[in-house]
file start.pdb (PDB, C-alpha atoms and all ligand atoms)
ATOM      1  CA  MET A   1     -10.642  12.998 -11.933
ATOM      2  CA  ARG A   2      -7.364  11.102 -11.847
ATOM      3  CA  ARG A   3      -9.325   7.857 -11.617
ATOM      4  CA  ALA A   4     -11.174   8.691 -14.856
ATOM      5  CA  VAL A   5      -7.916   9.541 -16.644
ATOM      6  CA  ILE A   6      -6.306   6.277 -15.549
ATOM      7  CA  ALA A   7      -9.417   4.338 -16.570
ATOM      8  CA  GLY A   8      -9.217   5.951 -20.020
ATOM      9  CA  GLY A   9      -5.546   4.999 -20.249
ATOM     10  CA  LEU A  10      -6.428   1.464 -19.186
ATOM     11  CA  GLU A  11      -8.866   1.121 -22.062
ATOM     12  CA  VAL A  12      -6.323   2.478 -24.547
ATOM     13  CA  SER A  13      -3.517   0.236 -23.346
ATOM     14  CA  GLY A  14      -5.906  -2.708 -22.985
ATOM     15  CA  GLY A  15      -6.451  -2.335 -26.729
ATOM     16  CA  LEU A  16      -2.710  -2.134 -27.387
ATOM     17  CA  SER A  17      -2.212  -5.242 -25.296
ATOM     18  CA  ARG A  18      -4.750  -7.233 -27.287
ATOM     19  CA  ALA A  19      -3.036  -6.048 -30.454
ATOM     20  CA  GLY A  20       0.295  -7.400 -29.120
ATOM     21  CA  LEU A  21       1.903  -3.954 -28.981
ATOM     22  CA  MET A  22       2.615  -3.863 -25.271
ATOM     23  CA  ALA A  23       5.854  -5.823 -24.852
ATOM     24  CA  GLY A  24       8.082  -2.839 -25.644
ATOM     25  CA  ALA A  25       6.300  -0.567 -23.178
ATOM     26  CA  ARG A  26       6.586  -2.607 -20.033
ATOM     27  CA  GLY A  27      10.275  -2.098 -19.299
ATOM     28  CA  GLN A  28      11.913  -4.657 -17.017
ATOM     29  CA  GLY A  29       8.699  -5.433 -15.186
ATOM     30  CA  ALA A  30       6.847  -4.033 -12.210
ATOM     31  CA  ILE A  31       6.337  -4.158  -8.453
ATOM     32  CA  PHE A  32       2.668  -4.411  -7.523
ATOM     33  CA  THR A  33       1.052  -2.910  -4.411
ATOM     34  CA  LEU A  34      -1.880  -4.557  -2.669
ATOM     35  CA  HIS A  35      -3.562  -3.823   0.653
ATOM     36  CA  HIS A  36      -6.694  -5.743   1.638
ATOM     37  CA  VAL A  37      -7.429  -9.004  -0.193
ATOM     38  CA  ARG A  38     -10.891 -10.184   0.814
ATOM     39  CA  PRO A  39     -14.340 -10.908  -0.558
ATOM     40  CA  LYS A  40     -16.103  -7.607  -1.227
ATOM     41  CA  PRO A  41     -18.108  -6.593   1.850
ATOM     42  CA  ALA A  42     -21.457  -4.833   1.305
ATOM     43  CA  ARG A  43     -20.741  -1.245   2.425
ATOM     44  CA  ALA A  44     -22.755   1.832   1.565
ATOM     45  CA  PHE A  45     -19.887   4.225   2.292
ATOM     46  CA  ASP A  46     -16.501   2.886   1.241
ATOM     47  CA  PRO A  47     -13.885   5.625   0.801
ATOM     48  CA  ASN A  48     -11.080   3.042   0.987
ATOM     49  CA  ALA A  49     -12.465   0.791  -1.763
ATOM     50  CA  HIS A  50      -9.374   1.405  -3.910
ATOM     51  CA  LEU A  51      -7.262  -0.297  -1.212
ATOM     52  CA  GLU A  52      -9.046  -3.601  -1.567
ATOM     53  CA  ILE A  53      -9.238  -6.387  -4.155
ATOM     54  CA  THR A  54     -10.961  -9.759  -4.048
ATOM     55  CA  PRO A  55      -9.088 -13.079  -3.900
ATOM     56  CA  ASP A  56     -10.657 -13.923  -7.281
ATOM     57  CA  PHE A  57      -9.170 -10.826  -8.863
ATOM     58  CA  LEU A  58      -5.758 -11.597  -7.347
ATOM     59  CA  ASP A  59      -5.999 -15.022  -8.975
ATOM     60  CA  VAL A  60      -6.902 -13.451 -12.330
ATOM     61  CA  ALA A  61      -4.080 -10.910 -12.008
ATOM     62  CA  LEU A  62      -1.430 -13.566 -11.304
ATOM     63  CA  ARG A  63      -2.682 -15.745 -14.168
ATOM     64  CA  THR A  64      -2.643 -12.765 -16.531
ATOM     65  CA  LEU A  65       0.905 -11.774 -15.561
ATOM     66  CA  LYS A  66       2.123 -15.353 -16.111
ATOM     67  CA  ARG A  67       0.382 -15.490 -19.479
ATOM     68  CA  ASP A  68       2.056 -12.199 -20.435
ATOM     69  CA  GLY A  69       5.485 -13.701 -19.718
ATOM     70  CA  TYR A  70       6.267 -12.171 -16.322
ATOM     71  CA  ARG A  71       8.469 -14.073 -13.905
ATOM     72  CA  PHE A  72       7.560 -13.769 -10.214
ATOM     73  CA  VAL A  73      10.594 -12.978  -8.084
ATOM     74  CA  PRO A  74      10.892 -12.183  -4.365
ATOM     75  CA  LEU A  75      11.256  -8.430  -3.912
ATOM     76  CA  GLU A  76      14.557  -8.903  -2.070
ATOM     77  CA  GLN A  77      16.022 -10.536  -5.176
ATOM     78  CA  LEU A  78      14.871  -7.814  -7.538
ATOM     79  CA  PRO A  79      18.301  -6.130  -7.986
ATOM     80  CA  ASP A  80      19.841  -9.440  -9.109
ATOM     81  CA  ALA A  81      16.847 -10.241 -11.318
ATOM     82  CA  LEU A  82      17.132  -6.848 -13.034
ATOM     83  CA  ALA A  83      20.861  -7.332 -13.541
ATOM     84  CA  ALA A  84      20.262 -10.792 -15.055
ATOM     85  CA  LYS A  85      17.991  -9.350 -17.811
ATOM     86  CA  GLY A  86      15.920 -12.524 -18.052
ATOM     87  CA  GLY A  87      12.677 -10.945 -19.272
ATOM     88  CA  PRO A  88      10.086  -8.954 -17.345
ATOM     89  CA  VAL A  89       9.743  -9.642 -13.620
ATOM     90  CA  ALA A  90       6.810  -9.087 -11.282
ATOM     91  CA  CYS A  91       7.137  -8.577  -7.514
ATOM     92  CA  LEU A  92       4.078  -8.713  -5.276
ATOM     93  CA  THR A  93       3.876  -6.545  -2.177
ATOM     94  CA  LEU A  94       1.136  -5.966   0.395
ATOM     95  CA  ASP A  95       1.165  -2.958   2.726
ATOM     96  CA  ASP A  96       0.101  -2.721   6.395
ATOM     97  CA  GLY A  97      -0.139  -6.459   7.271
ATOM     98  CA  TYR A  98      -3.884  -7.080   7.141
ATOM     99  CA  ARG A  99      -5.285 -10.305   8.555
ATOM    100  CA  ASN A 100      -6.884 -11.067   5.196
ATOM    101  CA  ASN A 101      -3.386 -11.343   3.674
ATOM    102  CA  LEU A 102      -2.975 -14.582   5.646
ATOM    103  CA  GLU A 103      -6.525 -15.806   5.254
ATOM    104  CA  HIS A 104      -7.335 -14.862   1.651
ATOM    105  CA  ALA A 105      -4.158 -13.822  -0.198
ATOM    106  CA  LEU A 106      -1.736 -16.549   0.925
ATOM    107  CA  PRO A 107      -3.792 -19.414  -0.626
ATOM    108  CA  VAL A 108      -3.809 -17.593  -3.983
ATOM    109  CA  PHE A 109      -0.053 -16.926  -3.856
ATOM    110  CA  GLU A 110       0.482 -20.614  -3.005
ATOM    111  CA  ARG A 111      -1.661 -21.736  -5.943
ATOM    112  CA  HIS A 112       0.600 -19.731  -8.276
ATOM    113  CA  GLN A 113       3.843 -20.269  -6.340
ATOM    114  CA  ALA A 114       4.259 -16.496  -6.316
ATOM    115  CA  PRO A 115       6.553 -15.024  -3.654
ATOM    116  CA  PHE A 116       5.314 -11.898  -1.877
ATOM    117  CA  THR A 117       6.418  -9.311   0.697
ATOM    118  CA  VAL A 118       4.197  -7.880   3.441
ATOM    119  CA  PHE A 119       5.206  -4.472   4.838
ATOM    120  CA  VAL A 120       4.290  -4.224   8.499
ATOM    121  CA  ALA A 121       4.121  -1.202  10.784
ATOM    122  CA  GLY A 122       5.309  -2.054  14.299
ATOM    123  CA  GLY A 123       2.576   0.076  15.885
ATOM    124  CA  PHE A 124      -0.124  -1.970  14.172
ATOM    125  CA  VAL A 125       1.508  -5.289  15.144
ATOM    126  CA  ASP A 126       1.682  -4.187  18.791
ATOM    127  CA  ARG A 127      -1.721  -2.444  18.814
ATOM    128  CA  THR A 128      -0.187   0.872  19.887
ATOM    129  CA  HIS A 129      -1.154   2.793  16.725
ATOM    130  CA  THR A 130      -4.288   3.178  14.664
ATOM    131  CA  LEU A 131      -5.216   3.183  10.973
ATOM    132  CA  TRP A 132      -6.852   6.608  10.715
ATOM    133  CA  TRP A 133      -8.405   6.005   7.277
ATOM    134  CA  GLU A 134     -10.227   2.951   8.657
ATOM    135  CA  THR A 135     -11.281   4.754  11.864
ATOM    136  CA  LEU A 136     -12.559   7.671   9.812
ATOM    137  CA  ALA A 137     -14.483   5.480   7.352
ATOM    138  CA  ASP A 138     -16.227   3.679  10.235
ATOM    139  CA  MET A 139     -17.096   6.946  11.964
ATOM    140  CA  LEU A 140     -18.500   8.582   8.866
ATOM    141  CA  ALA A 141     -20.533   5.511   7.928
ATOM    142  CA  THR A 142     -22.320   5.313  11.264
ATOM    143  CA  ASN A 143     -23.010   8.944  12.219
ATOM    144  CA  GLU A 144     -25.208  11.716  10.829
ATOM    145  CA  THR A 145     -22.945  14.502  12.064
ATOM    146  CA  LEU A 146     -19.369  14.736  13.259
ATOM    147  CA  ARG A 147     -17.734  17.380  15.425
ATOM    148  CA  PHE A 148     -14.084  17.914  14.575
ATOM    149  CA  ASP A 149     -11.538  20.616  15.381
ATOM    150  CA  PHE A 150      -9.534  21.694  12.337
ATOM    151  CA  GLY A 151      -7.592  24.114  14.515
ATOM    152  CA  ARG A 152     -10.199  26.863  14.758
ATOM    153  CA  GLY A 153     -12.530  25.317  17.355
ATOM    154  CA  LEU A 154     -15.050  22.497  16.960
ATOM    155  CA  GLU A 155     -16.960  22.397  13.681
ATOM    156  CA  THR A 156     -20.006  20.275  12.954
ATOM    157  CA  LEU A 157     -19.876  18.340   9.687
ATOM    158  CA  GLN A 158     -23.096  17.018   8.133
ATOM    159  CA  LEU A 159     -22.925  13.388   7.037
ATOM    160  CA  ARG A 160     -26.396  12.479   5.808
ATOM    161  CA  ALA A 161     -25.680  12.396   2.065
ATOM    162  CA  ALA A 162     -22.935  10.266   0.518
ATOM    163  CA  VAL A 163     -21.368  13.371  -0.987
ATOM    164  CA  GLU A 164     -21.183  14.970   2.485
ATOM    165  CA  ARG A 165     -19.521  11.890   3.937
ATOM    166  CA  GLN A 166     -16.952  11.809   1.138
ATOM    167  CA  ALA A 167     -16.283  15.543   1.534
ATOM    168  CA  ALA A 168     -15.742  15.064   5.290
ATOM    169  CA  PHE A 169     -13.388  12.155   4.591
ATOM    170  CA  ASN A 170     -11.358  14.215   2.114
ATOM    171  CA  ARG A 171     -11.190  17.219   4.424
ATOM    172  CA  ILE A 172     -10.009  15.266   7.470
ATOM    173  CA  ALA A 173      -7.534  13.283   5.336
ATOM    174  CA  ALA A 174      -6.117  16.567   3.995
ATOM    175  CA  PHE A 175      -5.905  17.897   7.564
ATOM    176  CA  ILE A 176      -3.955  14.820   8.704
ATOM    177  CA  HIS A 177      -1.586  15.127   5.730
ATOM    178  CA  SER A 178      -0.896  18.825   6.301
ATOM    179  CA  HIS A 179      -0.724  19.159  10.112
ATOM    180  CA  ASP A 180       1.247  17.397  12.852
ATOM    181  CA  GLU A 181       0.188  13.888  11.910
ATOM    182  CA  ALA A 182       0.392  12.349  15.398
ATOM    183  CA  LYS A 183      -1.697  15.157  16.910
ATOM    184  CA  ALA A 184      -4.276  15.106  14.113
ATOM    185  CA  ILE A 185      -4.703  11.337  14.484
ATOM    186  CA  ALA A 186      -4.966  11.711  18.270
ATOM    187  CA  SER A 187      -7.886  14.163  17.829
ATOM    188  CA  LEU A 188      -9.554  11.842  15.362
ATOM    189  CA  ASN A 189      -9.145   8.929  17.784
ATOM    190  CA  ALA A 190     -10.636  11.010  20.619
ATOM    191  CA  ALA A 191     -13.618  11.937  18.415
ATOM    192  CA  ALA A 192     -14.086   8.255  17.513
ATOM    193  CA  LEU A 193     -14.004   7.110  21.149
ATOM    194  CA  ASP A 194     -16.608   9.770  21.885
ATOM    195  CA  ARG A 195     -18.882   8.071  19.340
ATOM    196  CA  GLY A 196     -18.288   4.606  20.788
ATOM    197  CA  ILE A 197     -15.747   3.534  18.159
ATOM    198  CA  ASP A 198     -12.473   2.171  19.554
ATOM    199  CA  PRO A 199      -9.687   2.855  17.020
ATOM    200  CA  LEU A 200      -7.295   0.318  18.589
ATOM    201  CA  ALA A 201     -10.007  -2.337  18.356
ATOM    202  CA  ILE A 202     -10.065  -1.615  14.601
ATOM    203  CA  THR A 203      -6.276  -2.147  14.444
ATOM    204  CA  ASP A 204      -6.770  -5.442  16.260
ATOM    205  CA  ARG A 205      -9.652  -6.543  14.051
ATOM    206  CA  LEU A 206      -7.886  -5.734  10.782
ATOM    207  CA  THR A 207      -4.150  -6.351  11.177
ATOM    208  CA  LEU A 208      -2.017  -9.378  11.985
ATOM    209  CA  ASP A 209      -0.403  -9.472  15.399
ATOM    210  CA  GLU A 210       2.969 -11.107  16.039
ATOM    211  CA  ALA A 211       1.486 -14.622  16.190
ATOM    212  CA  GLY A 212      -0.331 -14.067  12.897
ATOM    213  CA  LEU A 213       2.791 -12.751  11.193
ATOM    214  CA  ARG A 214       4.752 -15.760  12.431
ATOM    215  CA  ARG A 215       2.163 -18.018  10.815
ATOM    216  CA  LEU A 216       2.379 -16.032   7.592
ATOM    217  CA  VAL A 217       6.161 -16.367   7.333
ATOM    218  CA  GLU A 218       5.925 -20.120   7.812
ATOM    219  CA  SER A 219       5.205 -20.027   4.098
ATOM    220  CA  PRO A 220       8.474 -20.030   2.136
ATOM    221  CA  LEU A 221       6.778 -17.628  -0.288
ATOM    222  CA  ALA A 222       6.257 -14.918   2.338
ATOM    223  CA  SER A 223       8.709 -12.333   3.586
ATOM    224  CA  LEU A 224       8.273  -9.258   5.759
ATOM    225  CA  GLY A 225       9.497  -5.752   5.092
ATOM    226  CA  ALA A 226       9.561  -2.698   7.364
ATOM    227  CA  HIS A 227       6.977   0.104   7.169
ATOM    228  CA  THR A 228       7.832   2.345  10.190
ATOM    229  CA  ILE A 229       6.223   2.098  13.626
ATOM    230  CA  SER A 230       3.507   4.767  13.555
ATOM    231  CA  HIS A 231       2.750   4.808   9.807
ATOM    232  CA  ARG A 232       3.317   8.551   9.480
ATOM    233  CA  SER A 233       4.651  10.324   6.417
ATOM    234  CA  VAL A 234       8.433   9.921   6.865
ATOM    235  CA  ALA A 235       9.406  13.034   4.901
ATOM    236  CA  ARG A 236       7.468  15.207   7.365
ATOM    237  CA  LEU A 237       9.321  13.860  10.438
ATOM    238  CA  THR A 238      12.449  15.388  11.944
ATOM    239  CA  ASP A 239      15.769  13.709  11.096
ATOM    240  CA  ALA A 240      15.869  11.943  14.468
ATOM    241  CA  GLU A 241      12.231  10.817  14.314
ATOM    242  CA  ALA A 242      12.532   9.568  10.740
ATOM    243  CA  ARG A 243      15.600   7.509  11.543
ATOM    244  CA  ARG A 244      14.062   6.129  14.728
ATOM    245  CA  GLU A 245      10.789   5.162  12.992
ATOM    246  CA  ILE A 246      12.623   3.313  10.227
ATOM    247  CA  GLU A 247      15.253   1.687  12.436
ATOM    248  CA  GLU A 248      12.805   0.544  15.122
ATOM    249  CA  SER A 249      10.506  -0.991  12.500
ATOM    250  CA  LEU A 250      13.491  -2.858  11.093
ATOM    251  CA  GLN A 251      14.246  -4.201  14.582
ATOM    252  CA  ARG A 252      10.589  -5.089  15.167
ATOM    253  CA  VAL A 253      10.445  -7.166  11.999
ATOM    254  CA  GLU A 254      13.762  -8.829  12.841
ATOM    255  CA  ALA A 255      12.357  -9.820  16.252
ATOM    256  CA  ILE A 256       9.456 -11.586  14.516
ATOM    257  CA  THR A 257      11.267 -13.375  11.696
ATOM    258  CA  GLY A 258      14.746 -13.794  13.180
ATOM    259  CA  ARG A 259      16.278 -12.069  10.183
ATOM    260  CA  ARG A 260      16.970  -8.467   9.362
ATOM    261  CA  PRO A 261      14.479  -7.215   6.770
ATOM    262  CA  LEU A 262      16.065  -6.051   3.518
ATOM    263  CA  THR A 263      13.126  -4.079   2.165
ATOM    264  CA  PHE A 264      11.196  -0.997   3.285
ATOM    265  CA  ALA A 265       7.994   0.690   2.093
ATOM    266  CA  TYR A 266       7.437   4.404   2.758
ATOM    267  CA  PRO A 267       4.014   4.919   4.390
ATOM    268  CA  TYR A 268       1.651   6.558   1.835
ATOM    269  CA  GLY A 269       4.641   6.500  -0.528
ATOM    270  CA  ASP A 270       3.565   9.468  -2.659
ATOM    271  CA  ALA A 271       5.928  12.326  -3.506
ATOM    272  CA  PRO A 272       5.255  14.458  -0.353
ATOM    273  CA  ALA A 273       5.877  11.412   1.903
ATOM    274  CA  VAL A 274       9.385  10.578   0.621
ATOM    275  CA  SER A 275      12.454  12.807   0.593
ATOM    276  CA  ALA A 276      16.109  12.542  -0.431
ATOM    277  CA  ARG A 277      16.968  12.552   3.291
ATOM    278  CA  ASP A 278      14.852   9.400   3.701
ATOM    279  CA  HIS A 279      16.689   7.707   0.810
ATOM    280  CA  ARG A 280      19.928   8.272   2.717
ATOM    281  CA  ILE A 281      18.543   6.786   5.947
ATOM    282  CA  ILE A 282      17.433   3.702   4.004
ATOM    283  CA  ALA A 283      20.886   3.260   2.490
ATOM    284  CA  ASP A 284      22.579   3.912   5.874
ATOM    285  CA  LEU A 285      20.529   1.251   7.622
ATOM    286  CA  GLY A 286      21.555  -1.351   5.061
ATOM    287  CA  PHE A 287      18.247  -1.997   3.308
ATOM    288  CA  THR A 288      18.613  -3.566  -0.135
ATOM    289  CA  LEU A 289      15.757  -1.465  -1.504
ATOM    290  CA  ALA A 290      12.769   0.701  -0.646
ATOM    291  CA  VAL A 291       9.495   1.151  -2.501
ATOM    292  CA  THR A 292       7.200   4.146  -2.956
ATOM    293  CA  THR A 293       3.663   4.241  -4.345
ATOM    294  CA  GLN A 294       4.676   6.502  -7.191
ATOM    295  CA  PRO A 295       3.392   4.670 -10.247
ATOM    296  CA  GLY A 296       5.750   3.331 -12.853
ATOM    297  CA  THR A 297       7.456   0.281 -14.290
ATOM    298  CA  LEU A 298      11.000  -0.853 -13.559
ATOM    299  CA  ALA A 299      13.953   0.467 -15.500
ATOM    300  CA  ALA A 300      17.238  -1.365 -16.059
ATOM    301  CA  ARG A 301      19.285  -2.011 -12.899
ATOM    302  CA  THR A 302      21.691   0.827 -13.631
ATOM    303  CA  GLN A 303      18.941   3.395 -14.219
ATOM    304  CA  CYS A 304      16.790   3.029 -11.130
ATOM    305  CA  SER A 305      17.288   4.294  -7.589
ATOM    306  CA  LEU A 306      16.883   1.294  -5.327
ATOM    307  CA  ASN A 307      15.973   3.660  -2.474
ATOM    308  CA  ALA A 308      12.734   4.770  -4.115
ATOM    309  CA  LEU A 309      11.356   2.219  -6.556
ATOM    310  CA  PRO A 310       7.983   2.860  -8.224
ATOM    311  CA  ARG A 311       5.067   0.489  -7.757
ATOM    312  CA  ILE A 312       1.781  -0.183  -9.516
ATOM    313  CA  SER A 313      -1.337  -0.493  -7.407
ATOM    314  CA  LEU A 314      -3.767  -3.346  -8.035
ATOM    315  CA  ASN A 315      -6.609  -0.970  -7.350
ATOM    316  CA  GLY A 316     -10.082  -2.000  -6.221
ATOM    317  CA  HIS A 317     -11.658   0.294  -8.794
ATOM    318  CA  PHE A 318     -10.045  -1.575 -11.697
ATOM    319  CA  GLN A 319     -10.649  -5.256 -11.031
ATOM    320  CA  ARG A 320     -10.804  -6.512 -14.608
ATOM    321  CA  ALA A 321      -8.528  -9.079 -16.260
ATOM    322  CA  ARG A 322      -7.929  -6.853 -19.260
ATOM    323  CA  TYR A 323      -6.665  -4.052 -17.009
ATOM    324  CA  VAL A 324      -3.816  -6.082 -15.513
ATOM    325  CA  SER A 325      -1.567  -6.125 -18.616
ATOM    326  CA  ALA A 326      -2.468  -2.508 -19.228
ATOM    327  CA  LEU A 327      -1.466  -1.469 -15.682
ATOM    328  CA  ALA A 328       1.741  -3.478 -15.878
ATOM    329  CA  SER A 329       2.715  -1.583 -19.041
ATOM    330  CA  GLY A 330       2.793   1.691 -17.111
ATOM    331  CA  ILE A 331       1.128   3.415 -20.084
ATOM    332  CA  PRO A 332      -1.989   4.551 -18.162
ATOM    333  CA  PHE A 333       0.198   6.465 -15.695
ATOM    334  CA  ARG A 334       2.173   8.136 -18.443
ATOM    335  CA  LEU A 335      -1.121   9.204 -20.028
ATOM    336  CA  ALA A 336      -2.412  10.436 -16.649
ATOM    337  CA  ALA A 337       0.793  12.367 -15.960
ATOM    338  CA  GLY A 338       0.962  13.868 -19.429
TER     339      GLY A 338
HETATM  340 ZN    ZN A 401       0.832   1.596   4.592
END
call {"tool": "encode", "arguments": {"input": "start.pdb", "output": "structure tokens"}}
result
Amino acid sequence: MRRAVIAGGLEVSGGLSRAGLMAGARGQGAIFTLHHVRPKPARAFDPNAHLEITPDFLDVALRTLKRDGYRFVPLEQLPDALAAKGGPVACLTLDDGYRNNLEHALPVFERHQAPFTVFVAGGFVDRTHTLWWETLADMLATNETLRFDFGRGLETLQLRAAVERQAAFNRIAAFIHSHDEAKAIASLNAAALDRGIDPLAITDRLTLDEAGLRRLVESPLASLGAHTISHRSVARLTDAEARREIEESLQRVEAITGRRPLTFAYPYGDAPAVSARDHRIIADLGFTLAVTTQPGTLAARTQCSLNALPRISLNGHFQRARYVSALASGIPFRLAAG
């Protein structure tokens, strides 16, 4: 539903953009969120397709932003760039530290001399934690049934039709987001191992380890930000856990790069995953800024909370050149929210 509304808004604002009416709408610029950047794999069941764009589309997006007058600035320098009022800025960020960021995204960023920030979760770097949405997608794609305990004993889910697989994905995702997240992920991991799928092997296959991240930051365009250790929803953790997750991820990144990271991304980043308490932890620990995934463009320096900046997702469902200016305007989100 929301996807259809945003797509409608994209068409409307795409039209405005072609008519030259967009400049007033885009505010001071935008921070963009990316995840996977890789050639599109052929997959019958792909519930995470929105988290993935191709290197070609990244190239198109960067060219479009330049053409529209955006200036690429490193995320860490955003507060100064906003204060300087030198026209709209664009910051590029990538969440979770996927291997394809080094292999496929870095060459595109280099071609455009665009700085970018990769948010890494310490538990992925050290192969101690798993990416449940990837584990779940793999499990649902390769099985005809799945037994899972939603808290009332084992239930058998049918997975033969695509609609059944998507329903199972949505139900388990909702369970993870509404129950003790560590326990829910542990049951999912146990169910996966039972079916011959090793969740930690998926972490290893998909995300950069310390050596990979060191190679990435050899590029002067790259910087690393913190993204917790376990990649759980911070707002749902106790005060002590939340602080420990954020602080230890800061230390983990510092151990890799030799410098204290100045930026943080809240895992998931939607409204239920970020609280006022978390803003205070971020400020306490000395981060320059933190980003959410709540959609929106940037306001003037004095009007935005640097502890919870909005971002715009370069979404795998909308990989068209004409959508980039439209997304950057923020108009589709205002239409979707209204
Ligand atoms: Zn993430």
call {"tool": "residues_around", "arguments": {"input": "start.pdb", "residues": "range 250-266 of chain A", "least_positions_apart": "4", "cutoff": "8 Å", "atoms": "only C-alpha atoms", "output": "ChimeraX atom specification"}}
result
/A:75-76,95,119-120,122,210,213-214,217,224-228,233-234,246,273-274,282,286-292
call {"tool": "residues_near_ligand", "arguments": {"input": "start.pdb", "ligand": "ligand ZN 401 (chain A)", "cutoff": "6 Å", "atoms": "only C-alpha atoms and all ligand atoms", "output": "list in words"}}
result
Asp95, Asp96, Pro267 and Tyr268 of chain A
call {"tool": "residues_near_point", "arguments": {"input": "start.pdb", "point": "(-4.7, -4.2, 7.8)", "cutoff": "10 Å", "atoms": "all atoms listed in the file", "output": "PyMOL selection string"}}
result
chain A and resi 35-37+94-101+120-121+124-125+131+134+202-208
call {"tool": "residues_around", "arguments": {"input": "start.pdb", "residues": "range 164-177 of chain A", "least_positions_apart": "3", "cutoff": "10 Å", "atoms": "only C-alpha atoms", "output": "PyMOL selection string"}}
result
chain A and resi 45-47+132-133+136-137+139-141+143-146+148-151+157-161+180-185+187-188+232-233+236+268+272-273
call {"tool": "residues_around", "arguments": {"input": "start.pdb", "residues": "Phe57 in chain A", "least_positions_apart": "6", "cutoff": "8 Å", "atoms": "only C-alpha atoms", "output": "PyMOL selection string"}}
result
chain A and resi 319-321
call {"tool": "atom_distance", "arguments": {"input": "start.pdb", "atom1": "CA of Gly27 in chain A", "atom2": "CA of Val108 in chain A"}}
result
25.9 Å
